[in-house]
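Structure first, then comments.
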Amino acid sequence: MSQPTFLLDGQSVPFDDGQMILEAARAAGRYIPHLCWHPDFPPHGSCKLCVVKVAGRHVSACATPARAGAEVESDTPEINTERRTLLQMLFVEGNHFCPACEKSGDCQLQAMAYDLEMTTPRFRHFFPDRPVDASHPEVLLDFNRCIYCELCVRASREQDGKAVFALTGRGINKKLAVNAESGRLADTDFSADDKAAHICPVGVILKKRVGFAVPIGERTYDRAPLHEVALPKSEDSA
Amino acid sequence: MALGASQRVDDVLKRFGERPEYLLQMLIALQETENWLPPAALTALASALRLPRARVEGVVGFYSFLHAQPVGRYRLLFSDNIIDRMLGSEVLMARLCHNLWLAPGQVSEDGLASVDVTSCTGLGDQGPAMLVNGRAVAALNEDRIDIICELIRQKLALDAWPAELFEFENNIHQRDALLSCAAPPGDALQAAIAMGRDAWLNQVQASRLRGRGGAGFTTAVKWLACRDAPATEKIVVCNADEGEPGTFKDRVLLSAHADLVFEGMTLAAWAVGARRGFLYLRGEYLNLRPALEATLARRRADGWLGASIGGAVGFDFDIEIHLGAGAYVCGEETALLESLEGKRGTPRIRPPFPVTHGYLGLPTVVNNVETLAKCCLIALHGGAAFAATGTAQSAGTKLLSVSGDCARPGIYEFPFGVTVRQVLDACGAIDTLAVQVGGAAGITLAPYEFGRRVAFEDVPTAGAFMVFNDTRDMFDVAHNFVQFFAHESCGFCTPCRVGTSLLAGTLDKLAEGKGSPADLLEIEDLDRLLKQASHCGLGSAAPNPVIDGLQKFRPAYERHLMHADFSPAFDLDGALRRARQITGRDDAGAHLPQQPEASR
Ligand SMILES: Cc1cc2nc3c(=O)[nH]c(=O)nc-3n(C[C@H](O)[C@H](O)[C@H](O)COP(=O)(O)O)c2cc1C
Ligand code: SF4
Ligand code: SF4
Ligand code: FES
């Protein structure tokens with residue numbers, strides 16, 4: 001039986017029934033930008049970096065089921081401009097000083113900004129006040145860089161069985177909460193071996209004392225751009 | 001934890017059972033005594049419900065009316081819709097602050113009171129209004145403010161305050177089929193039961209009834225999908241969140257025609273086979289709750305709720321009231337379902353839709369208050385009779401909540417197809433500059449459009465109709481609405497969370513007279529992004545007032561521009577204010593010019 005297909009920027013992409021546009025594209029070796037999507041979890045749909053245009057409407061590729069014959073626009077000037085604006089929003093709402101950040105070179109937000117050729121922050125900075133939490137012996141939380149992808153929330157809940165993180169606040173005052181009356185990570189059952197300790201796409205959840213073990217210049221996205229690194233390795237996509 | 005506090009947690013657990021989906025209701029009840037939720041109480045509640053504490057904290061943090069910090073024994077929140085402002089809310093708030101010696105946003109030193117603003121409280125026809133510990137007081141004036149201050153100084157419990165302070169008017173000025181319906185409770189149900197479930201649904205189909213909550217979805221299609229969804233348990237939800245600024249017709253239906261609303265819910269249950277129903281009542285309408293509970297009790301006693309309703313064996317259905325707690329987004333149906341489940345009101349990814357995966361994953365019908373009340377008319381008089389009024393695509397009548405610059409603000413029921421001009425004449429509006437139909441998320445109409453019709457095919461509306469005369473500045477109106485959206489954004493998706501704040505910030509800059517033409521371009525760019533990339537209707541509607549304003553009232557915006565291509569939002573001289581204060585200097589040398597250098 002022949003598999004149904006849709007067109008991504010004019011090229012045919014096969015998909016399985018119920019598969020989302022982003023997943024099908026990835027399986028076919030085609031990259032659509034994403035920050036809150038992760039292969040281990042159901043789609044979340046919050047960052048909107050995966051925005052694509054289908055039949056004139058802008059939809060989230062990670063959460064929109066693929067349809068046979070659909071024409072999906074992704075790598076176009078219009079959509080990439082929209083993504084760049086979203087990135088600029090993520091940069092100005094937090095405090096991102098890349099040159100001083102130990103995640104620099106391993107950070108997906110920074111790598112995506114390079115990928116999409118974001119050259120200025122464009123908007124006024126919000127400079128929010130978000131104190132760091134250094135209480136835990138092994139892990140530092142620098143909330144200044146949180147983009148609210150909730151990957152740590154989901155990983156801790158679903159993979160570690162712990163629920164160390166949750167979101168609180170609303171709107172622009174949303175923030176990450178830690179599961180303790182004191183609000184300190186040290187007072188939770190969090191461990192550096194948790195899945196949640198390794199999933200943050202930006203520089204919030206950082207293992208202490210190894211920040212510069214790999215020198216800047218030799219890090220993940222120093223060696224290859226995000227749109228290559230983010231695709232599944234050929235052996236597991238087969 | 002103090003003994004009293006742990007006792008209260010136990011009481012709340014006893015009242016609601018150890019059911020995590022009642023978390024929001026428990027938090028609201030728990031807060032009643034002390035007006036805030038001490039950390040230890042949250043820890044105790046979380047552990048009793050076996051929920052992560054951070055999740056409980058996350059729910060508290062989401063809702064404006066829940067507090068993780070002390071807020072004063074009397075919490076006074078002024079409704080901050082543009083209509084309340086036009087009625088003088090700001091002066092009255094200043095008077096109250098002056099009387100009580102406190103500043104907005106702060107708790108008085110003795111912990112007695114705190115004053116702040118809140119989103120539209122749904123009393124635009126009798127404003128300005130405010131909430132006192134969650135209970136609404138309308139028709140504020142200087143006398144009422146002084147009385148309230150005195151009651152607070154005497155530290156009198158709210159229950160001992162004069163009852164008339166908490167009473168509302170219905171202000172019904174124009175009745176049609178719904179508001180003049182005098183059928184006794186149960187008649188509509190009896191008629192639908194006599195028809196049988198399927199024939200009843202056929203009548204709803206024939207009526208061409210469409211949702212009155214905003215989106216205008218065909219009601220029968222929704223009910224059919226829910227009926228046919230494979231599950232043994234189904235749910236009916238009445239959306240009484242009514243958060244759209246300037247909308248208050250659901251409040252009036254719930255106070256003057258509660259039987260029609262509950263009967264409509266029961267009719268929906270009969271059609272889809274539901275056994276449980278929820279009325280999701282916005283926290284601002286707390287005053288209505290006792291009467292609504294009494295109506296439910298009477299309907300149970302009369303056999304219109306409970307087991308074998310109307311004698312139909314197997315037709316079992318009952319209704320619970322759940323309160324919201326200050327979050328406009330919870331009117332969006334999937335956010336409402338999250339809230340009903342005791343969670344943060346974040347809109348879900350759709351599909352799946354509520355008709356197949358709703359409350360706790362069960363097939364669920366969510367309908368607006370007015371939609372459900374209208375179902376009674378269909379049961380009583382038949383679908384064809386209902387479809388005989390209105391327009392081709394909009395059958396029946398529509399309740400309008402009229403407020404603003406007119407002689408008779410209040411409720412008007414007109415058949416769909418009524419022109420804006422006819423409504424303006426009916427309410428006694430003169431020298432009208434603009435009408436905002438559909439609330440902050442709706443459409444701004446200029447005089448050349450007053451011949452347009454209220455109907456899904458022309459000017460759709462959930463019911464708000466705000467009138468502005470020619471002394472008003474439409475920039476101020478849009479500015480107020482954009483601040484509302486920024487305050488109410490749930491923060492889930494990037495474009496709305498950040499975009500509404502950026503938009504509000506840019507309008508703030510214009511309001512201070514520091515705007516430039518570049519800002520107008522920026523506004524248009526943000527508008528486009530919000531419309532296209534937002535996760536739910538809040539974000540995509542947020543730029544509406546500005547888009548319409550720039551198109552139809554551009555001079556109102558241009559008045560706020562400095563004549564430069566670009567001027568910075570950052571106020572150099574303002575940034576030195578604190579340094580001047582500390583050094584006690586205010587000479588010319590301690591000031592910086594704001595104008596950009598010519599060398600740019
Ligand atoms: C931000 C937002 C707020 C909403 N608020 C309400 C509301 O307060 N009341 C309401 O009935 N519908 C509201 N809606 C529409 C609901 O999502 C839903 O369409 C409606 O309750 C369905 O009922 P109906 O078909 O009877 O209109 C809102 C939608 C959005 C996007
Ligand atoms: S801490 Fe990291 S993983 Fe968690 S929500 Fe923030 S950005 Fe996402
Ligand atoms: S559009 Fe706004 S309200 Fe809707 S999900 Fe996004 S952030 Fe929340
Ligand atoms: S990757 Fe799709 S919304 Fe974040």
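Naming works like this for the structure tokens: A, B, ... for the chains as they're shown, residue 1 at the start of each chain, ligands 1 onward in shown order.
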
Wanna dump the chain B-chain A contacts at 10 Å for me, each residue with its shortest atom pair and the distance in Å to one decimal, counting only C-alpha atoms, ordered by chain and number, as JSON lines?
{"residue": "B:Pro39", "atom": "CA", "partner": "A:Glu181", "partner_atom": "CA", "distance": 6.5}
{"residue": "B:Ala40", "atom": "CA", "partner": "A:Glu181", "partner_atom": "CA", "distance": 7.5}
{"residue": "B:Leu42", "atom": "CA", "partner": "A:Glu181", "partner_atom": "CA", "distance": 8.4}
{"residue": "B:Thr43", "atom": "CA", "partner": "A:Glu181", "partner_atom": "CA", "distance": 6.6}
{"residue": "B:Leu51", "atom": "CA", "partner": "A:Ala163", "partner_atom": "CA", "distance": 9.2}
{"residue": "B:Pro52", "atom": "CA", "partner": "A:Ala163", "partner_atom": "CA", "distance": 6.3}
{"residue": "B:Arg53", "atom": "CA", "partner": "A:Asn179", "partner_atom": "CA", "distance": 5.6}
{"residue": "B:Ala54", "atom": "CA", "partner": "A:Asn179", "partner_atom": "CA", "distance": 4.4}
{"residue": "B:Arg55", "atom": "CA", "partner": "A:Ala166", "partner_atom": "CA", "distance": 5.8}
{"residue": "B:Val56", "atom": "CA", "partner": "A:Thr168", "partner_atom": "CA", "distance": 8.9}
{"residue": "B:Glu57", "atom": "CA", "partner": "A:Thr168", "partner_atom": "CA", "distance": 6.5}
{"residue": "B:Gly58", "atom": "CA", "partner": "A:Thr168", "partner_atom": "CA", "distance": 3.7}
{"residue": "B:Val59", "atom": "CA", "partner": "A:Thr168", "partner_atom": "CA", "distance": 6.7}
{"residue": "B:Val60", "atom": "CA", "partner": "A:Thr168", "partner_atom": "CA", "distance": 7.5}
{"residue": "B:Gly61", "atom": "CA", "partner": "A:Gly169", "partner_atom": "CA", "distance": 4.3}
{"residue": "B:Phe62", "atom": "CA", "partner": "A:Gly169", "partner_atom": "CA", "distance": 4.9}
{"residue": "B:Tyr63", "atom": "CA", "partner": "A:Arg170", "partner_atom": "CA", "distance": 7.7}
{"residue": "B:Ser64", "atom": "CA", "partner": "A:Arg170", "partner_atom": "CA", "distance": 8.8}
{"residue": "B:Ala327", "atom": "CA", "partner": "A:Arg170", "partner_atom": "CA", "distance": 9.4}
{"residue": "B:Arg344", "atom": "CA", "partner": "A:Thr168", "partner_atom": "CA", "distance": 8.5}
{"residue": "B:Gly345", "atom": "CA", "partner": "A:Arg170", "partner_atom": "CA", "distance": 9.5}
{"residue": "B:Thr346", "atom": "CA", "partner": "A:Arg170", "partner_atom": "CA", "distance": 9.7}
{"residue": "B:Arg348", "atom": "CA", "partner": "A:Gly45", "partner_atom": "CA", "distance": 9.1}
{"residue": "B:Ile349", "atom": "CA", "partner": "A:Gly45", "partner_atom": "CA", "distance": 7.2}
{"residue": "B:Arg350", "atom": "CA", "partner": "A:Ala63", "partner_atom": "CA", "distance": 8.4}
{"residue": "B:Pro351", "atom": "CA", "partner": "A:Thr64", "partner_atom": "CA", "distance": 8.4}
{"residue": "B:Phe485", "atom": "CA", "partner": "A:Gly171", "partner_atom": "CA", "distance": 9.4}
{"residue": "B:Ala486", "atom": "CA", "partner": "A:Gly171", "partner_atom": "CA", "distance": 7.2}
{"residue": "B:His487", "atom": "CA", "partner": "A:Gly171", "partner_atom": "CA", "distance": 6.8}
{"residue": "B:Glu488", "atom": "CA", "partner": "A:Gly171", "partner_atom": "CA", "distance": 6.7}
{"residue": "B:Ser489", "atom": "CA", "partner": "A:Gly171", "partner_atom": "CA", "distance": 4.8}
{"residue": "B:Cys490", "atom": "CA", "partner": "A:Gly171", "partner_atom": "CA", "distance": 4.6}
{"residue": "B:Gly491", "atom": "CA", "partner": "A:Gly171", "partner_atom": "CA", "distance": 3.5}
{"residue": "B:Phe492", "atom": "CA", "partner": "A:Ser46", "partner_atom": "CA", "distance": 5.7}
{"residue": "B:Cys493", "atom": "CA", "partner": "A:Ser46", "partner_atom": "CA", "distance": 4.3}
{"residue": "B:Thr494", "atom": "CA", "partner": "A:Cys47", "partner_atom": "CA", "distance": 5.4}
{"residue": "B:Pro495", "atom": "CA", "partner": "A:Leu86", "partner_atom": "CA", "distance": 6.4}
{"residue": "B:Cys496", "atom": "CA", "partner": "A:Gly171", "partner_atom": "CA", "distance": 8.2}
{"residue": "B:Arg497", "atom": "CA", "partner": "A:Gly171", "partner_atom": "CA", "distance": 5.3}
{"residue": "B:Val498", "atom": "CA", "partner": "A:Met89", "partner_atom": "CA", "distance": 6.0}
{"residue": "B:Gly499", "atom": "CA", "partner": "A:Met89", "partner_atom": "CA", "distance": 7.4}
{"residue": "B:Thr500", "atom": "CA", "partner": "A:Ile172", "partner_atom": "CA", "distance": 8.8}
{"residue": "B:Ser501", "atom": "CA", "partner": "A:Ile172", "partner_atom": "CA", "distance": 7.1}
{"residue": "B:Leu502", "atom": "CA", "partner": "A:Phe123", "partner_atom": "CA", "distance": 7.8}
{"residue": "B:Gly505", "atom": "CA", "partner": "A:Arg124", "partner_atom": "CA", "distance": 9.1}
{"residue": "B:Thr506", "atom": "CA", "partner": "A:Arg124", "partner_atom": "CA", "distance": 9.7}
{"residue": "B:Glu522", "atom": "CA", "partner": "A:Phe123", "partner_atom": "CA", "distance": 9.4}
{"residue": "B:Asp525", "atom": "CA", "partner": "A:Thr85", "partner_atom": "CA", "distance": 9.5}
{"residue": "B:Leu526", "atom": "CA", "partner": "A:Thr85", "partner_atom": "CA", "distance": 9.0}
{"residue": "B:Arg528", "atom": "CA", "partner": "A:Glu82", "partner_atom": "CA", "distance": 9.4}
{"residue": "B:Leu529", "atom": "CA", "partner": "A:Glu82", "partner_atom": "CA", "distance": 6.9}
{"residue": "B:Lys531", "atom": "CA", "partner": "A:His58", "partner_atom": "CA", "distance": 9.3}
{"residue": "B:Gln532", "atom": "CA", "partner": "A:His58", "partner_atom": "CA", "distance": 5.7}
{"residue": "B:Ala533", "atom": "CA", "partner": "A:His58", "partner_atom": "CA", "distance": 6.2}
{"residue": "B:Ser534", "atom": "CA", "partner": "A:Lys48", "partner_atom": "CA", "distance": 7.9}
{"residue": "B:His535", "atom": "CA", "partner": "A:Ser46", "partner_atom": "CA", "distance": 7.5}
{"residue": "B:Pro568", "atom": "CA", "partner": "A:Arg124", "partner_atom": "CA", "distance": 9.3}
{"residue": "B:Ala569", "atom": "CA", "partner": "A:Arg124", "partner_atom": "CA", "distance": 7.8}
{"residue": "B:Phe570", "atom": "CA", "partner": "A:Arg124", "partner_atom": "CA", "distance": 8.5}

Can you list, as number ranges by chain, all residues belonging to stretch 288-520 of chain B that DSSP tags as alpha helix (DSSP H)? B: 289-301, 333-340, 369-381, 383-387, 420-427, 474-488, 494-511, 517-520

Return as number ranges by chain the residues of protein, DNA or RNA that approach ligand 2 to within 7 Å, with only C-alpha atoms and all ligand atoms taken into account. A: 143, 145-153, 176, 199-205

Those selected residues, please, written with all heavy atoms and delivered as a tab-separated table (two decimals), in the first residue's frame.
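The resulting part38.tsv:
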chain	number	residue	atom	x	y	z
A	143	PHE	N	17.46	30.97	36.45
A	143	PHE	CA	16.14	31.20	35.85
A	143	PHE	C	16.13	32.30	34.79
A	143	PHE	O	15.18	32.43	34.03
A	143	PHE	CB	15.12	31.54	36.93
A	143	PHE	CG	14.93	30.46	37.95
A	143	PHE	CD1	15.40	30.61	39.24
A	143	PHE	CD2	14.27	29.28	37.62
A	143	PHE	CE1	15.22	29.62	40.19
A	143	PHE	CE2	14.09	28.29	38.55
A	143	PHE	CZ	14.58	28.44	39.85
A	145	ARG	N	17.32	32.51	32.11
A	145	ARG	CA	17.36	32.06	30.71
A	145	ARG	C	16.18	31.17	30.35
A	145	ARG	O	16.16	30.57	29.28
A	145	ARG	CB	18.66	31.32	30.47
A	145	ARG	CG	19.87	32.18	30.80
A	145	ARG	CD	21.09	31.32	31.06
A	145	ARG	NE	22.22	32.14	31.51
A	145	ARG	CZ	23.21	31.69	32.25
A	145	ARG	NH1	23.24	30.43	32.63
A	145	ARG	NH2	24.19	32.49	32.61
A	146	CYS	N	15.22	31.04	31.25
A	146	CYS	CA	14.13	30.08	31.01
A	146	CYS	C	13.24	30.54	29.85
A	146	CYS	O	12.86	31.70	29.77
A	146	CYS	CB	13.31	29.91	32.28
A	146	CYS	SG	12.02	28.66	32.12
A	147	ILE	N	12.91	29.62	28.96
A	147	ILE	CA	12.01	29.91	27.85
A	147	ILE	C	10.67	29.16	28.00
A	147	ILE	O	9.89	29.10	27.06
A	147	ILE	CB	12.65	29.60	26.49
A	147	ILE	CG1	13.07	28.12	26.43
A	147	ILE	CG2	13.83	30.53	26.21
A	147	ILE	CD1	13.43	27.66	25.02
A	148	TYR	N	10.46	28.57	29.16
A	148	TYR	CA	9.15	27.94	29.48
A	148	TYR	C	8.74	26.84	28.53
A	148	TYR	O	7.56	26.68	28.23
A	148	TYR	CB	8.05	29.00	29.58
A	148	TYR	CG	8.44	30.16	30.46
A	148	TYR	CD1	8.60	31.44	29.96
A	148	TYR	CD2	8.69	29.93	31.81
A	148	TYR	CE1	8.99	32.48	30.78
A	148	TYR	CE2	9.09	30.97	32.63
A	148	TYR	CZ	9.23	32.24	32.11
A	148	TYR	OH	9.62	33.25	32.91
A	149	CYS	N	9.70	26.07	28.05
A	149	CYS	CA	9.36	24.95	27.18
A	149	CYS	C	8.75	23.82	27.99
A	149	CYS	O	8.17	22.89	27.43
A	149	CYS	CB	10.60	24.45	26.46
A	149	CYS	SG	11.83	23.78	27.60
A	150	GLU	N	8.92	23.85	29.31
A	150	GLU	CA	8.39	22.83	30.23
A	150	GLU	C	8.98	21.45	30.00
A	150	GLU	O	8.41	20.45	30.43
A	150	GLU	CB	6.85	22.77	30.16
A	150	GLU	CG	6.19	24.02	30.75
A	150	GLU	CD	4.67	23.90	30.83
A	150	GLU	OE1	4.21	22.99	31.55
A	150	GLU	OE2	3.97	24.71	30.21
A	151	LEU	N	10.12	21.37	29.33
A	151	LEU	CA	10.74	20.05	29.16
A	151	LEU	C	11.20	19.50	30.50
A	151	LEU	O	11.03	18.31	30.77
A	151	LEU	CB	11.91	20.13	28.16
A	151	LEU	CG	11.46	20.10	26.69
A	151	LEU	CD1	12.60	20.46	25.76
A	151	LEU	CD2	10.88	18.73	26.34
A	152	CYS	N	11.74	20.36	31.37
A	152	CYS	CA	12.16	19.87	32.68
A	152	CYS	C	10.95	19.43	33.50
A	152	CYS	O	11.01	18.42	34.22
A	152	CYS	CB	12.94	20.96	33.43
A	152	CYS	SG	11.98	22.47	33.69
A	153	VAL	N	9.85	20.16	33.35
A	153	VAL	CA	8.62	19.81	34.08
A	153	VAL	C	8.16	18.42	33.64
A	153	VAL	O	7.86	17.55	34.46
A	153	VAL	CB	7.50	20.84	33.78
A	153	VAL	CG1	6.20	20.46	34.47
A	153	VAL	CG2	7.95	22.24	34.19
A	176	LEU	N	9.20	29.58	36.74
A	176	LEU	CA	9.39	28.19	37.10
A	176	LEU	C	9.42	28.06	38.61
A	176	LEU	O	10.10	28.82	39.29
A	176	LEU	CB	10.72	27.70	36.50
A	176	LEU	CG	10.90	26.20	36.38
A	176	LEU	CD1	9.87	25.60	35.43
A	176	LEU	CD2	12.31	25.88	35.89
A	199	ILE	N	17.91	18.00	30.26
A	199	ILE	CA	17.02	18.23	29.12
A	199	ILE	C	16.86	19.70	28.74
A	199	ILE	O	16.38	20.01	27.65
A	199	ILE	CB	15.64	17.58	29.42
A	199	ILE	CG1	14.94	17.26	28.09
A	199	ILE	CG2	14.78	18.46	30.33
A	199	ILE	CD1	13.83	16.26	28.21
A	200	CYS	N	17.27	20.61	29.61
A	200	CYS	CA	17.02	22.03	29.34
A	200	CYS	C	17.75	22.47	28.06
A	200	CYS	O	18.94	22.31	27.92
A	200	CYS	CB	17.51	22.87	30.53
A	200	CYS	SG	17.18	24.62	30.31
A	201	PRO	N	16.99	23.03	27.11
A	201	PRO	CA	17.62	23.43	25.84
A	201	PRO	C	18.47	24.68	25.97
A	201	PRO	O	19.25	25.00	25.08
A	201	PRO	CB	16.41	23.69	24.93
A	201	PRO	CG	15.30	24.05	25.85
A	201	PRO	CD	15.54	23.29	27.12
A	202	VAL	N	18.28	25.42	27.07
A	202	VAL	CA	19.05	26.65	27.29
A	202	VAL	C	19.84	26.50	28.58
A	202	VAL	O	19.97	25.40	29.11
A	202	VAL	CB	18.10	27.88	27.33
A	202	VAL	CG1	17.46	28.10	25.98
A	202	VAL	CG2	17.06	27.72	28.41
A	203	GLY	N	20.34	27.60	29.11
A	203	GLY	CA	21.24	27.50	30.25
A	203	GLY	C	20.58	27.77	31.60
A	203	GLY	O	21.06	28.61	32.35
A	204	VAL	N	19.51	27.04	31.91
A	204	VAL	CA	18.90	27.21	33.23
A	204	VAL	C	19.40	26.14	34.19
A	204	VAL	O	19.89	26.43	35.28
A	204	VAL	CB	17.35	27.14	33.15
A	204	VAL	CG1	16.76	27.30	34.56
A	204	VAL	CG2	16.80	28.20	32.21
A	205	ILE	N	19.29	24.88	33.78
A	205	ILE	CA	19.65	23.77	34.67
A	205	ILE	C	21.06	23.34	34.33
A	205	ILE	O	21.32	22.69	33.31
A	205	ILE	CB	18.64	22.61	34.49
A	205	ILE	CG1	17.21	23.13	34.69
A	205	ILE	CG2	18.96	21.48	35.45
A	205	ILE	CD1	16.13	22.10	34.42

Hey, can you check how far atom CA of B:Ala215 sits from atom CA of B:Phe450?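 Computing it gives 22.3 Å between the two atoms.
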
Would you mind listing what lies within 10 Å of A:Gly211 as a ChimeraX atom specification, with only C-alpha atoms counted and same-chain residues fewer than 6 positions away left out? /A:101-104

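Note that atom 4 (Fe, counted along the ligand's line) of ligand 4 and atom CA of B:Lys343 are 21.2 Å apart.
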
So what do you get for atom CA of B:Leu23 versus atom CA of B:Gly342, distance-wise?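 One can read the atom CA of B:Leu23 to atom CA of B:Gly342 distance as 4.8 Å.
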